[in-house]
$ cat query30.txt   # compact mmCIF, C-alpha atoms and all ligand atoms
# COMPACT_ATOMS: atom_id res chain seq x y z
CA MET A 1 -7.82 10.40 11.53
CA GLN A 2 -10.81 9.86 13.74
CA CYS A 3 -11.85 6.21 14.09
CA ARG A 4 -15.03 4.77 15.55
CA PHE A 5 -14.74 1.35 17.18
CA ILE A 6 -18.00 -0.45 17.79
CA ILE A 7 -17.04 -3.27 20.13
CA TYR A 8 -18.94 -6.34 21.30
CA ARG A 9 -19.30 -6.26 25.07
CA PHE A 10 -20.53 -9.03 27.33
CA ASP A 11 -19.77 -9.65 30.96
CA PRO A 12 -21.63 -12.79 32.04
CA GLU A 13 -21.32 -11.70 35.67
CA LYS A 14 -23.33 -8.53 35.00
CA ASP A 15 -25.07 -8.70 31.62
CA THR A 16 -28.02 -10.79 30.56
CA GLU A 17 -27.42 -9.98 26.86
CA PRO A 18 -24.39 -8.86 24.85
CA HIS A 19 -24.37 -5.29 23.55
CA TYR A 20 -22.11 -3.08 21.43
CA GLN A 21 -20.23 -0.09 22.82
CA THR A 22 -18.78 2.70 20.68
CA TYR A 23 -15.40 4.33 21.32
CA VAL A 24 -13.93 7.18 19.27
CA ILE A 25 -10.16 7.61 19.09
CA GLU A 26 -7.55 9.38 16.96
CA ALA A 27 -5.42 6.91 15.00
CA GLU A 28 -2.75 6.92 12.31
CA PRO A 29 -3.33 4.89 9.12
CA THR A 30 -0.27 2.84 10.07
CA ASP A 31 -1.58 1.97 13.55
CA LYS A 32 -2.49 -1.65 14.09
CA VAL A 33 -6.04 -2.42 15.15
CA LEU A 34 -4.42 -3.92 18.26
CA ASP A 35 -2.75 -0.55 19.01
CA CYS A 36 -6.19 1.06 18.94
CA LEU A 37 -7.72 -1.56 21.22
CA ASN A 38 -4.85 -1.09 23.64
CA ARG A 39 -5.39 2.69 23.62
CA ILE A 40 -9.10 2.29 24.22
CA ARG A 41 -8.36 0.07 27.20
CA TRP A 42 -5.57 2.27 28.59
CA GLU A 43 -7.19 5.65 28.01
CA GLN A 44 -10.95 5.17 27.97
CA ASP A 45 -12.21 1.91 29.43
CA ALA A 46 -10.06 -0.41 31.53
CA SER A 47 -12.92 -2.92 31.70
CA LEU A 48 -12.60 -3.87 28.01
CA ALA A 49 -11.32 -7.46 27.82
CA PHE A 50 -9.30 -8.96 24.96
CA ARG A 51 -6.25 -11.21 24.62
CA ALA A 52 -2.95 -10.14 23.06
CA SER A 53 0.70 -10.66 23.79
CA CYS A 54 3.43 -10.52 21.14
CA ALA A 55 1.81 -7.91 18.83
CA HIS A 56 3.74 -9.47 15.92
CA GLY A 57 1.67 -12.42 14.68
CA ILE A 58 3.58 -14.98 16.73
CA CYS A 59 1.57 -15.89 19.82
CA GLY A 60 -1.80 -16.33 18.11
CA SER A 61 -3.74 -14.84 21.01
CA ASP A 62 -5.55 -11.90 19.37
CA ALA A 63 -7.70 -13.60 16.75
CA MET A 64 -11.06 -11.84 16.53
CA VAL A 65 -13.62 -10.66 14.00
CA ILE A 66 -12.84 -7.27 12.48
CA ASN A 67 -15.49 -5.86 10.17
CA GLY A 68 -16.91 -9.32 9.58
CA ASN A 69 -13.65 -11.18 8.95
CA VAL A 70 -11.68 -13.40 11.33
CA THR A 71 -8.13 -12.09 11.60
CA LEU A 72 -5.36 -11.13 14.03
CA ALA A 73 -5.73 -7.61 15.43
CA CYS A 74 -1.94 -7.20 15.42
CA GLN A 75 -1.67 -8.01 11.72
CA LYS A 76 -4.21 -5.49 10.47
CA LEU A 77 -3.50 -1.80 10.04
CA ILE A 78 -6.12 0.93 10.04
CA ARG A 79 -5.30 1.65 6.39
CA ASP A 80 -6.10 -1.98 5.43
CA PHE A 81 -9.81 -1.18 5.77
CA THR A 82 -11.98 0.88 3.47
CA THR A 83 -14.73 1.44 5.97
CA GLY A 84 -14.14 5.16 6.50
CA GLY A 85 -12.57 4.73 9.93
CA ASN A 86 -15.43 2.58 11.23
CA PHE A 87 -14.61 -0.75 12.84
CA VAL A 88 -16.90 -3.40 14.24
CA ILE A 89 -14.96 -5.72 16.54
CA GLU A 90 -16.40 -9.03 17.71
CA PRO A 91 -15.12 -12.20 19.41
CA LEU A 92 -14.16 -15.34 17.48
CA PRO A 93 -17.26 -17.28 16.48
CA LEU A 94 -17.90 -20.85 17.62
CA PHE A 95 -16.48 -20.49 21.12
CA LYS A 96 -18.23 -19.40 24.31
CA VAL A 97 -17.55 -15.80 25.28
CA VAL A 98 -15.76 -15.48 28.61
CA LYS A 99 -15.87 -11.68 28.55
CA ASP A 100 -16.07 -9.18 25.66
CA LEU A 101 -13.54 -10.39 23.04
CA VAL A 102 -12.12 -13.20 25.17
CA VAL A 103 -13.47 -16.65 24.28
CA ASP A 104 -13.06 -20.02 25.97
CA LEU A 105 -10.50 -21.90 23.86
CA GLU A 106 -10.49 -25.03 26.00
CA PRO A 107 -12.63 -27.02 23.47
CA PHE A 108 -10.10 -26.02 20.79
CA PHE A 109 -7.11 -27.26 22.81
CA GLU A 110 -9.02 -30.39 23.82
CA LYS A 111 -9.22 -31.35 20.11
CA TYR A 112 -5.57 -30.40 19.70
CA ARG A 113 -4.55 -32.76 22.50
CA GLU A 114 -6.62 -35.56 20.94
CA VAL A 115 -4.23 -35.85 17.98
CA LYS A 116 -1.23 -36.48 20.26
CA PRO A 117 0.67 -33.33 19.26
CA TYR A 118 4.11 -34.66 20.08
CA LEU A 119 6.74 -36.92 18.53
CA ILE A 120 6.20 -40.62 19.25
CA ASN A 121 9.27 -42.77 18.85
CA ASP A 122 9.90 -45.78 21.08
CA GLU A 123 13.31 -46.53 19.61
CA PRO A 124 16.22 -45.70 21.94
CA PRO A 125 17.35 -42.10 21.42
CA PRO A 126 20.64 -41.65 19.55
CA GLU A 127 23.60 -40.13 21.31
CA GLN A 128 22.89 -36.62 20.02
CA GLU A 129 19.54 -36.07 18.25
CA ARG A 130 17.08 -37.72 15.91
CA LEU A 131 18.10 -36.40 12.51
CA GLN A 132 15.81 -35.54 9.64
CA ALA A 133 16.80 -34.96 6.00
CA PRO A 134 16.12 -31.40 4.78
CA GLU A 135 13.81 -32.70 2.02
CA ASP A 136 11.76 -34.60 4.64
CA GLN A 137 11.57 -31.50 6.79
CA GLU A 138 10.32 -29.52 3.81
CA LYS A 139 7.25 -31.78 3.58
CA ILE A 140 6.02 -30.74 7.03
CA GLU A 141 7.42 -27.20 6.86
CA PRO A 142 4.09 -25.42 6.10
CA ALA A 143 2.47 -26.85 9.22
CA LEU A 144 5.33 -25.66 11.44
CA ALA A 145 4.19 -22.07 10.99
CA CYS A 146 0.89 -22.67 12.79
CA ILE A 147 0.49 -20.39 15.82
CA LEU A 148 -2.71 -22.07 17.08
CA CYS A 149 -4.72 -18.89 16.75
CA ALA A 150 -7.94 -20.90 16.17
CA SER A 151 -9.00 -18.69 13.25
CA CYS A 152 -9.40 -21.70 10.94
CA THR A 153 -11.37 -23.85 13.35
CA SER A 154 -13.68 -21.03 14.38
CA THR A 155 -14.39 -20.24 10.71
CA CYS A 156 -14.83 -23.80 9.39
CA PRO A 157 -18.51 -24.45 8.57
CA ILE A 158 -18.14 -28.13 9.47
CA ASN A 159 -16.90 -27.23 12.94
CA ARG A 160 -19.88 -24.94 13.35
CA ALA A 161 -22.27 -27.77 12.44
CA ASP A 162 -20.54 -30.67 14.21
CA SER A 163 -18.92 -30.11 17.59
CA ASP A 164 -17.26 -33.58 17.43
CA TYR A 165 -15.22 -32.72 14.33
CA LEU A 166 -11.52 -32.33 15.17
CA GLY A 167 -11.24 -29.23 13.01
CA PRO A 168 -8.50 -27.90 10.73
CA ALA A 169 -6.01 -26.76 13.37
CA ALA A 170 -5.91 -30.13 15.16
CA LEU A 171 -5.79 -31.99 11.84
CA LEU A 172 -2.95 -29.79 10.65
CA ARG A 173 -1.01 -30.69 13.79
CA ALA A 174 -1.77 -34.37 13.09
CA PHE A 175 -0.34 -33.85 9.58
CA ARG A 176 2.82 -32.37 11.10
CA TYR A 177 3.55 -35.58 13.07
CA LEU A 178 2.09 -38.10 10.63
CA PHE A 179 4.59 -37.04 7.98
CA ASP A 180 7.50 -36.49 10.33
CA THR A 181 10.05 -39.18 9.40
CA ARG A 182 11.24 -39.36 13.01
CA ASP A 183 7.79 -40.37 14.27
CA THR A 184 7.03 -44.09 14.38
CA ALA A 185 3.31 -43.96 15.14
CA ALA A 186 1.98 -43.26 11.63
CA GLY A 187 -0.16 -46.43 11.65
CA SER A 188 -2.01 -45.64 14.86
CA ARG A 189 -2.23 -41.94 13.97
CA MET A 190 -3.94 -42.81 10.68
CA ALA A 191 -6.30 -45.24 12.43
CA ASP A 192 -7.29 -42.48 14.86
CA LEU A 193 -7.90 -39.97 12.07
CA ASP A 194 -9.81 -42.39 9.82
CA GLN A 195 -13.30 -41.39 10.93
CA GLU A 196 -16.01 -38.88 10.14
CA SER A 197 -15.19 -36.73 13.18
CA GLY A 198 -11.54 -36.96 12.07
CA ILE A 199 -10.12 -36.36 8.61
CA TRP A 200 -13.31 -37.31 6.74
CA GLY A 201 -15.14 -34.46 8.41
CA CYS A 202 -13.13 -32.17 6.10
CA LYS A 203 -15.21 -31.44 3.00
CA THR A 204 -12.42 -29.40 1.33
CA MET A 205 -14.32 -26.14 1.71
CA ARG A 206 -11.02 -24.24 2.04
CA TRP A 207 -12.32 -21.60 4.47
CA CYS A 208 -9.47 -22.58 6.80
CA THR A 209 -6.89 -21.88 4.11
CA ASP A 210 -8.47 -18.56 3.17
CA VAL A 211 -8.57 -17.30 6.76
CA CYS A 212 -5.18 -18.52 8.02
CA PRO A 213 -3.09 -15.45 8.97
CA LYS A 214 0.14 -17.41 8.41
CA GLY A 215 -0.78 -18.35 4.83
CA ILE A 216 -0.64 -22.09 5.56
CA PRO A 217 -2.17 -24.29 2.82
CA VAL A 218 -4.27 -26.09 5.43
CA THR A 219 -6.63 -27.82 2.99
CA LYS A 220 -3.72 -29.14 0.94
CA CYS A 221 -2.12 -30.64 4.05
CA LEU A 222 -5.41 -32.25 5.10
CA THR A 223 -5.80 -33.69 1.59
CA GLN A 224 -2.41 -35.36 2.00
CA ILE A 225 -3.67 -37.09 5.15
CA LYS A 226 -6.68 -38.40 3.20
CA SER A 227 -4.43 -39.70 0.41
CA ALA A 228 -2.11 -41.44 2.89
CA ILE A 229 -5.04 -43.18 4.61
CA LYS A 230 -6.53 -44.28 1.26
CA LYS A 231 -3.15 -45.58 0.13
CA LYS A 232 -2.70 -47.51 3.35
CA GLY A 233 -6.21 -48.98 2.95
CA LYS A 234 -5.36 -50.24 -0.53
CA SER A 235 -2.06 -51.75 0.57
CA GLY A 236 -3.86 -53.44 3.48
S1 LIG B 301 -3.63 -23.19 10.70
FE1 LIG B 301 -3.52 -20.96 10.51
S2 LIG B 301 -5.57 -20.26 11.17
FE2 LIG B 301 -5.35 -22.38 11.87
S3 LIG B 301 -4.62 -22.22 13.99
FE3 LIG B 301 -2.80 -22.45 12.65
S4 LIG B 301 -2.16 -20.34 12.20
FE4 LIG B 301 -4.25 -20.21 13.01
S1 LIG B 302 -0.67 -10.46 19.70
FE1 LIG B 302 0.45 -12.27 19.27
S2 LIG B 302 -0.34 -12.89 17.36
FE2 LIG B 302 -1.27 -10.98 17.67

$ encode --input "query30.txt" --output "structure tokens" --more "lines below"
Ligand code: SF4
Ligand code: FES
Amino acid sequence: MQCRFIIYRFDPEKDTEPHYQTYVIEAEPTDKVLDCLNRIRWEQDASLAFRASCAHGICGSDAMVINGNVTLACQKLIRDFTTGGNFVIEPLPLFKVVKDLVVDLEPFFEKYREVKPYLINDEPPPEQERLQAPEDQEKIEPALACILCASCTSTCPINRADSDYLGPAALLRAFRYLFDTRDTAAGSRMADLDQESGIWGCKTMRWCTDVCPKGIPVTKCLTQIKSAIKKKGKSG
């Protein structure tokens, strides 16, 4: 079938304003949107910029807006859309456009680093490895699927209104370590998160959960952080 891709273009080195450019290609209903973008770049316009790597929903690099919704271009097929073969492709909202569909994710990773996204344990390491019971691992399991695609953070209305807010992706990573039984820094992690730009910035709007391409119950995980901090407050 013939498909029309209307793609956001902006090259800050040449353009004063963004514009949209239309490309027409032949595509199969089972083609991924990413396949089509690749073909446009390979066959029609090598100057079109976008990020992609694994093409299988693993690397998280091709989050973008397709027909108004934030999603991964490699996880959407042409037949998933009922727009008569018409596609409007735009960069992730919230972040500064570097070129076309490529945005500057440094502010996103800055927030990610703020939550200390690594295991903290000052006790001497055991001879082999720090073990974790399967039932304890299950508690943090949902968060392990996060591919840091930034879809949630770019969609969250709080993030759009408050640039200081850590955002759902960073908070989800905080959840992952806060509830990891091998981590010994729960107290200081909770103290760091216990602020309006931290966990209390979350107003349970659930946009993060709705948009997550990995189906992670982000809001539910963030609610568990709130409960843990409240419980700690009560116990002094
Ligand atoms: S929680 Fe989901 S939407 Fe957010 S960064 Fe991780 S995978 Fe992407
Ligand atoms: S290209 Fe890796 S997640 Fe889509």

$ closest_atom_pairs --input "query30.txt" --of "chain A" --to "ligand LIG 302 (chain B)" --cutoff "9 Å" --atoms "all atoms listed in the file" --output "tab-separated table"
residue	atom	partner	partner_atom	distance
A:Leu34	CA	B:LIG302	S1	7.7
A:Arg51	CA	B:LIG302	S1	7.5
A:Ala52	CA	B:LIG302	S1	4.1
A:Ser53	CA	B:LIG302	S1	4.3
A:Cys54	CA	B:LIG302	FE1	3.9
A:Ala55	CA	B:LIG302	S1	3.7
A:His56	CA	B:LIG302	FE1	5.5
A:Gly57	CA	B:LIG302	S2	3.4
A:Ile58	CA	B:LIG302	S2	4.5
A:Cys59	CA	B:LIG302	FE1	3.8
A:Gly60	CA	B:LIG302	S2	3.8
A:Ser61	CA	B:LIG302	FE1	5.2
A:Asp62	CA	B:LIG302	FE2	4.7
A:Ala63	CA	B:LIG302	FE2	7.0
A:Leu72	CA	B:LIG302	FE2	5.5
A:Ala73	CA	B:LIG302	FE2	6.0
A:Cys74	CA	B:LIG302	FE2	4.4
A:Gln75	CA	B:LIG302	FE2	6.7
A:Ile147	CA	B:LIG302	S2	7.7
A:Cys149	CA	B:LIG302	S2	7.5

$ write_last_selection --input "query30.txt" --atoms "C-alpha atoms" --output "JSON list (two decimals), in the coordinates of the input"
[["chain", "number", "residue", "atom", "x", "y", "z"],
["A", 34, "LEU", "CA", -4.42, -3.92, 18.26],
["A", 51, "ARG", "CA", -6.25, -11.21, 24.62],
["A", 52, "ALA", "CA", -2.95, -10.14, 23.06],
["A", 53, "SER", "CA", 0.70, -10.66, 23.79],
["A", 54, "CYS", "CA", 3.43, -10.52, 21.14],
["A", 55, "ALA", "CA", 1.81, -7.91, 18.83],
["A", 56, "HIS", "CA", 3.74, -9.47, 15.92],
["A", 57, "GLY", "CA", 1.67, -12.42, 14.68],
["A", 58, "ILE", "CA", 3.58, -14.98, 16.73],
["A", 59, "CYS", "CA", 1.57, -15.89, 19.82],
["A", 60, "GLY", "CA", -1.80, -16.33, 18.11],
["A", 61, "SER", "CA", -3.74, -14.84, 21.01],
["A", 62, "ASP", "CA", -5.55, -11.90, 19.37],
["A", 63, "ALA", "CA", -7.70, -13.60, 16.75],
["A", 72, "LEU", "CA", -5.36, -11.13, 14.03],
["A", 73, "ALA", "CA", -5.73, -7.61, 15.43],
["A", 74, "CYS", "CA", -1.94, -7.20, 15.42],
["A", 75, "GLN", "CA", -1.67, -8.01, 11.72],
["A", 147, "ILE", "CA", 0.49, -20.39, 15.82],
["A", 149, "CYS", "CA", -4.72, -18.89, 16.75]]

$ residues_around --input "query30.txt" --residues "segment 119-136 of chain A" --least-positions-apart "6" --cutoff "8 Å" --atoms "only C-alpha atoms" --output "number ranges by chain"
A: 177, 180-185

$ residues_near_ligand --input "query30.txt" --ligand "ligand LIG 301 (chain B)" --cutoff "9 Å" --atoms "all atoms listed in the file" --output "CSV table (one decimal) with C-alpha atoms, in the coordinates of the input"
chain,number,residue,atom,x,y,z
A,60,GLY,CA,-1.8,-16.3,18.1
A,63,ALA,CA,-7.7,-13.6,16.8
A,71,THR,CA,-8.1,-12.1,11.6
A,143,ALA,CA,2.5,-26.8,9.2
A,144,LEU,CA,5.3,-25.7,11.4
A,145,ALA,CA,4.2,-22.1,11.0
A,146,CYS,CA,0.9,-22.7,12.8
A,147,ILE,CA,0.5,-20.4,15.8
A,148,LEU,CA,-2.7,-22.1,17.1
A,149,CYS,CA,-4.7,-18.9,16.8
A,150,ALA,CA,-7.9,-20.9,16.2
A,151,SER,CA,-9.0,-18.7,13.2
A,152,CYS,CA,-9.4,-21.7,10.9
A,153,THR,CA,-11.4,-23.8,13.4
A,154,SER,CA,-13.7,-21.0,14.4
A,155,THR,CA,-14.4,-20.2,10.7
A,168,PRO,CA,-8.5,-27.9,10.7
A,169,ALA,CA,-6.0,-26.8,13.4
A,170,ALA,CA,-5.9,-30.1,15.2
A,172,LEU,CA,-3.0,-29.8,10.6
A,173,ARG,CA,-1.0,-30.7,13.8
A,208,CYS,CA,-9.5,-22.6,6.8
A,209,THR,CA,-6.9,-21.9,4.1
A,210,ASP,CA,-8.5,-18.6,3.2
A,211,VAL,CA,-8.6,-17.3,6.8
A,212,CYS,CA,-5.2,-18.5,8.0
A,213,PRO,CA,-3.1,-15.4,9.0
A,214,LYS,CA,0.1,-17.4,8.4
A,215,GLY,CA,-0.8,-18.4,4.8
A,216,ILE,CA,-0.6,-22.1,5.6
A,217,PRO,CA,-2.2,-24.3,2.8
A,218,VAL,CA,-4.3,-26.1,5.4

$ closest_residue --input "query30.txt" --among "A:Ile78, A:Ile140, A:Leu166, A:Cys221" --to "Ser197 of chain A" --atoms "all atoms listed in the file"
A:Leu166

$ closest_residue --input "query30.txt" --among "A:Phe87, A:Phe81, A:Tyr165, A:Trp207" --to "Glu110 of chain A" --atoms "all atoms listed in the file"
A:Tyr165

$ atom_distance --input "query30.txt" --atom1 "atom CA of Phe175 of chain A" --atom2 "atom CA of Lys231 of chain A"
15.3 Å

$ residues_around --input "query30.txt" --residues "Arg4 of chain A" --least-positions-apart "5" --cutoff "10 Å" --atoms "only C-alpha atoms" --output "ChimeraX atom specification"
/A:22-27,84-88

$ atom_distance --input "query30.txt" --atom1 "atom CA of Lys116 of chain A" --atom2 "atom CA of Arg189 of chain A"
8.4 Å

$ atom_distance --input "query30.txt" --atom1 "atom CA of Phe50 of chain A" --atom2 "atom CA of Asp100 of chain A"
6.8 Å

$ closest_atom_pairs --input "query30.txt" --of "segment 78-142 of chain A" --to "segment 36-49 of chain A" --cutoff "7 Å" --atoms "only C-alpha atoms" --output "CSV"
residue,atom,partner,partner_atom,distance
A:Lys99,CA,A:Ala49,CA,6.2
A:Asp100,CA,A:Ala49,CA,5.5
A:Leu101,CA,A:Ala49,CA,6.0
A:Val102,CA,A:Ala49,CA,6.4

$ residues_near_point --input "query30.txt" --point "(-4.6, -1.6, 8.9)" --cutoff "8 Å" --atoms "only C-alpha atoms" --output "ChimeraX atom specification"
/A:29-33,75-81

$ residues_around --input "query30.txt" --residues "Met190 of chain A" --least-positions-apart "2" --cutoff "12 Å" --atoms "all atoms listed in the file" --output "ChimeraX atom specification"
/A:115-116,171,174-175,177-179,184-188,192-195,198-200,224-233

$ closest_residue --input "query30.txt" --among "A:Glu196, A:Glu90, A:Asp35, A:Glu138" --to "Ile158 of chain A" --atoms "all atoms listed in the file"
A:Glu196

$ build_atoms --input "query30.txt" --residues "segment 134-156 of chain A" --atoms "N, CA and C atoms" --output "mmCIF file, in the coordinates of the input"
data_model
loop_
_atom_site.group_PDB
_atom_site.id
_atom_site.type_symbol
_atom_site.label_atom_id
_atom_site.label_comp_id
_atom_site.auth_asym_id
_atom_site.auth_seq_id
_atom_site.Cartn_x
_atom_site.Cartn_y
_atom_site.Cartn_z
ATOM 1 N N PRO A 134 16.783 -32.675 5.116
ATOM 2 C CA PRO A 134 16.120 -31.400 4.780
ATOM 3 C C PRO A 134 14.902 -31.590 3.881
ATOM 4 N N GLU A 135 14.966 -32.526 2.927
ATOM 5 C CA GLU A 135 13.810 -32.700 2.020
ATOM 6 C C GLU A 135 12.609 -33.296 2.778
ATOM 7 N N ASP A 136 12.867 -34.078 3.830
ATOM 8 C CA ASP A 136 11.760 -34.600 4.640
ATOM 9 C C ASP A 136 11.160 -33.492 5.505
ATOM 10 N N GLN A 137 12.037 -32.624 5.975
ATOM 11 C CA GLN A 137 11.570 -31.500 6.790
ATOM 12 C C GLN A 137 10.701 -30.556 5.965
ATOM 13 N N GLU A 138 11.074 -30.409 4.700
ATOM 14 C CA GLU A 138 10.320 -29.520 3.810
ATOM 15 C C GLU A 138 8.856 -29.948 3.678
ATOM 16 N N LYS A 139 8.621 -31.274 3.752
ATOM 17 C CA LYS A 139 7.250 -31.780 3.580
ATOM 18 C C LYS A 139 6.335 -31.297 4.706
ATOM 19 N N ILE A 140 6.886 -31.154 5.912
ATOM 20 C CA ILE A 140 6.020 -30.740 7.030
ATOM 21 C C ILE A 140 6.173 -29.248 7.341
ATOM 22 N N GLU A 141 7.099 -28.614 6.622
ATOM 23 C CA GLU A 141 7.420 -27.200 6.860
ATOM 24 C C GLU A 141 6.186 -26.278 6.962
ATOM 25 N N PRO A 142 5.207 -26.372 6.030
ATOM 26 C CA PRO A 142 4.090 -25.420 6.100
ATOM 27 C C PRO A 142 3.370 -25.472 7.447
ATOM 28 N N ALA A 143 3.237 -26.692 7.988
ATOM 29 C CA ALA A 143 2.470 -26.850 9.220
ATOM 30 C C ALA A 143 3.221 -26.291 10.433
ATOM 31 N N LEU A 144 4.542 -26.148 10.303
ATOM 32 C CA LEU A 144 5.330 -25.660 11.440
ATOM 33 C C LEU A 144 5.052 -24.192 11.748
ATOM 34 N N ALA A 145 4.452 -23.496 10.784
ATOM 35 C CA ALA A 145 4.190 -22.070 10.990
ATOM 36 C C ALA A 145 2.919 -21.803 11.787
ATOM 37 N N CYS A 146 2.180 -22.858 12.088
ATOM 38 C CA CYS A 146 0.890 -22.670 12.790
ATOM 39 C C CYS A 146 1.121 -22.085 14.188
ATOM 40 N N ILE A 147 0.363 -21.037 14.509
ATOM 41 C CA ILE A 147 0.490 -20.390 15.820
ATOM 42 C C ILE A 147 -0.719 -20.687 16.715
ATOM 43 N N LEU A 148 -1.549 -21.655 16.288
ATOM 44 C CA LEU A 148 -2.710 -22.070 17.080
ATOM 45 C C LEU A 148 -3.612 -20.901 17.461
ATOM 46 N N CYS A 149 -3.872 -20.065 16.478
ATOM 47 C CA CYS A 149 -4.720 -18.890 16.750
ATOM 48 C C CYS A 149 -6.200 -19.241 16.749
ATOM 49 N N ALA A 150 -6.548 -20.411 16.213
ATOM 50 C CA ALA A 150 -7.940 -20.900 16.170
ATOM 51 C C ALA A 150 -8.802 -20.211 15.112
ATOM 52 N N SER A 151 -8.207 -19.374 14.281
ATOM 53 C CA SER A 151 -9.000 -18.690 13.250
ATOM 54 C C SER A 151 -9.658 -19.705 12.315
ATOM 55 N N CYS A 152 -8.869 -20.716 11.897
ATOM 56 C CA CYS A 152 -9.400 -21.700 10.940
ATOM 57 C C CYS A 152 -10.550 -22.494 11.541
ATOM 58 N N THR A 153 -10.345 -23.013 12.726
ATOM 59 C CA THR A 153 -11.370 -23.850 13.350
ATOM 60 C C THR A 153 -12.641 -23.063 13.638
ATOM 61 N N SER A 154 -12.481 -21.816 14.063
ATOM 62 C CA SER A 154 -13.680 -21.030 14.380
ATOM 63 C C SER A 154 -14.439 -20.637 13.111
ATOM 64 N N THR A 155 -13.751 -20.643 11.970
ATOM 65 C CA THR A 155 -14.390 -20.240 10.710
ATOM 66 C C THR A 155 -15.002 -21.435 9.977
ATOM 67 N N CYS A 156 -14.429 -22.613 10.160
ATOM 68 C CA CYS A 156 -14.830 -23.800 9.390
ATOM 69 C C CYS A 156 -16.322 -24.111 9.562
#
